[in-house]
Each structure stands twice: as structure tokens, then as C-alpha cells.
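All remarks here apply to the structure that follows.
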Amino acid sequence: MVTAKRLLDWEGWGTAQEGFDAATLYAYVLLQPDTAGRARTAFPVLGSPAGLAAEATVCAQLLQTVARGDNLVLEGPLRNWAGELRRG
């Protein structure tokens, strides 16, 4: 019997794309480079095609919060991450 695996995104009350939670965790540890590196190693979905889509989504969402005055401490690391994602 084959069962489908899904991840329920409680914050948005829907299903999240593959890698979304890993990308969210990664975003919030960007201020700790060693931990960010460990997160990338622990979650191999990051950097994969699906993971890159999730990373871009999370990065864009968090940059929107910066524009509203939240998560200001993450602005620099998020902009750097956005640049890395654009360069591919």
C-alpha cells in the first residue's frame, strides 16, 4: 500500500511546498552561520529544485516582513540570501 505524505502548514492552514519548513528554519538561523550550515546539511532538500523554490518563497515572505518593520535584524542576511538565490 502506498501512502501519500503531506505536511500541513498550520500557520497558513494549508499544505506547504516541499522544503518550506526547512527553508524557514534556515532563514531564522542565518545570523548564526555555523548553525545555518548545519541546517543545509541536515535538510538536503535545501538546494534541490523543490527546495530552491521554497527558499525563494520564504526569503521573499521574510523580506516583506522587513519592509513592514519586522525582522529587521535579518535584513542583511536575507538580502544576501536573495542574491545567492538569484545567481543560482
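Scheme for the C-alpha cells: letters A, B, ... for chains in order shown; per-chain residue numbers from 1; ligand numbers from 1 in order shown.
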For this session: Could you tell me, as number ranges by chain, which residues of chain A DSSP assigns to alpha helix (DSSP H) when given the backbone?
Result: A: 20-28, 33-42, 49-67, 75-87
For this session: For segment 78-86 of chain A, list every protein, DNA or RNA residue within 9 Å, evaluated using only C-alpha atoms, and leave out those in the same chain fewer than 4 positions away; present the list as a VMD selection string.
Result: chain A and resid 27 30 52 55 to 56 59 to 60 62 to 63 74
Would you save the residues from that selection as an mmCIF file, in the first residue's frame, using N, CA, C and O atoms?
```
data_model
loop_
_atom_site.group_PDB
_atom_site.id
_atom_site.type_symbol
_atom_site.label_atom_id
_atom_site.label_comp_id
_atom_site.auth_asym_id
_atom_site.auth_seq_id
_atom_site.Cartn_x
_atom_site.Cartn_y
_atom_site.Cartn_z
ATOM 1 N N ALA A 27 16.214 30.242 7.313
ATOM 2 C CA ALA A 27 16.125 31.706 7.322
ATOM 3 C C ALA A 27 16.343 32.275 8.714
ATOM 4 O O ALA A 27 17.042 33.275 8.885
ATOM 5 N N LEU A 30 20.091 32.313 9.933
ATOM 6 C CA LEU A 30 21.091 32.982 9.099
ATOM 7 C C LEU A 30 22.066 33.829 9.910
ATOM 8 O O LEU A 30 23.196 34.047 9.477
ATOM 9 N N LEU A 52 14.829 24.973 -3.676
ATOM 10 C CA LEU A 52 15.131 26.335 -4.115
ATOM 11 C C LEU A 52 13.861 27.162 -4.276
ATOM 12 O O LEU A 52 13.852 28.350 -3.952
ATOM 13 N N GLU A 55 12.925 28.020 -0.784
ATOM 14 C CA GLU A 55 13.839 29.036 -0.266
ATOM 15 C C GLU A 55 13.478 30.422 -0.803
ATOM 16 O O GLU A 55 13.450 31.403 -0.054
ATOM 17 N N ALA A 56 13.197 30.501 -2.084
ATOM 18 C CA ALA A 56 12.833 31.790 -2.682
ATOM 19 C C ALA A 56 11.533 32.319 -2.076
ATOM 20 O O ALA A 56 11.409 33.516 -1.802
ATOM 21 N N CYS A 59 12.267 33.423 1.607
ATOM 22 C CA CYS A 59 13.085 34.635 1.576
ATOM 23 C C CYS A 59 12.227 35.848 1.203
ATOM 24 O O CYS A 59 12.294 36.894 1.858
ATOM 25 N N ALA A 60 11.414 35.716 0.180
ATOM 26 C CA ALA A 60 10.547 36.819 -0.249
ATOM 27 C C ALA A 60 9.544 37.188 0.840
ATOM 28 O O ALA A 60 9.318 38.382 1.105
ATOM 29 N N LEU A 62 9.827 36.790 4.076
ATOM 30 C CA LEU A 62 10.500 37.453 5.195
ATOM 31 C C LEU A 62 10.995 38.844 4.818
ATOM 32 O O LEU A 62 10.986 39.752 5.654
ATOM 33 N N LEU A 63 11.397 39.041 3.566
ATOM 34 C CA LEU A 63 11.767 40.397 3.141
ATOM 35 C C LEU A 63 10.550 41.322 3.163
ATOM 36 O O LEU A 63 10.691 42.519 3.437
ATOM 37 N N LEU A 74 17.345 40.572 10.468
ATOM 38 C CA LEU A 74 17.586 39.607 9.386
ATOM 39 C C LEU A 74 17.735 40.254 8.015
ATOM 40 O O LEU A 74 18.031 39.566 7.038
#
```
For this session: Go through A:Gly69, A:Gly19, A:Pro77, A:Arg87 one by one, measure the shortest atom-to-atom distance of each to Ser48 of chain A using only C-alpha atoms, and give the residue with the smallest value.
Result: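 Of all the options, A:Gly19 lies closest to Ser48 of chain A.
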For this session: Work out how far apart atom CA of Leu25 of chain A and atom CA of Val58 of chain A are and give it in Å to one decimal.
Result: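 A separation of 9.7 Å between them.
Of note, atom CA of Gln17 of chain A and atom CA of Val45 of chain A are spaced 11.2 Å apart.
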Problem set entry | In chain A, DSSP strand (DSSP E) residues written as a ChimeraX atom specification | /A:8-9,14-15
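Nearest to Val73 of chain A of all the residues A:Thr57, A:Pro44, A:Val29, A:Ala39 is A:Val29, counting only C-alpha atoms.
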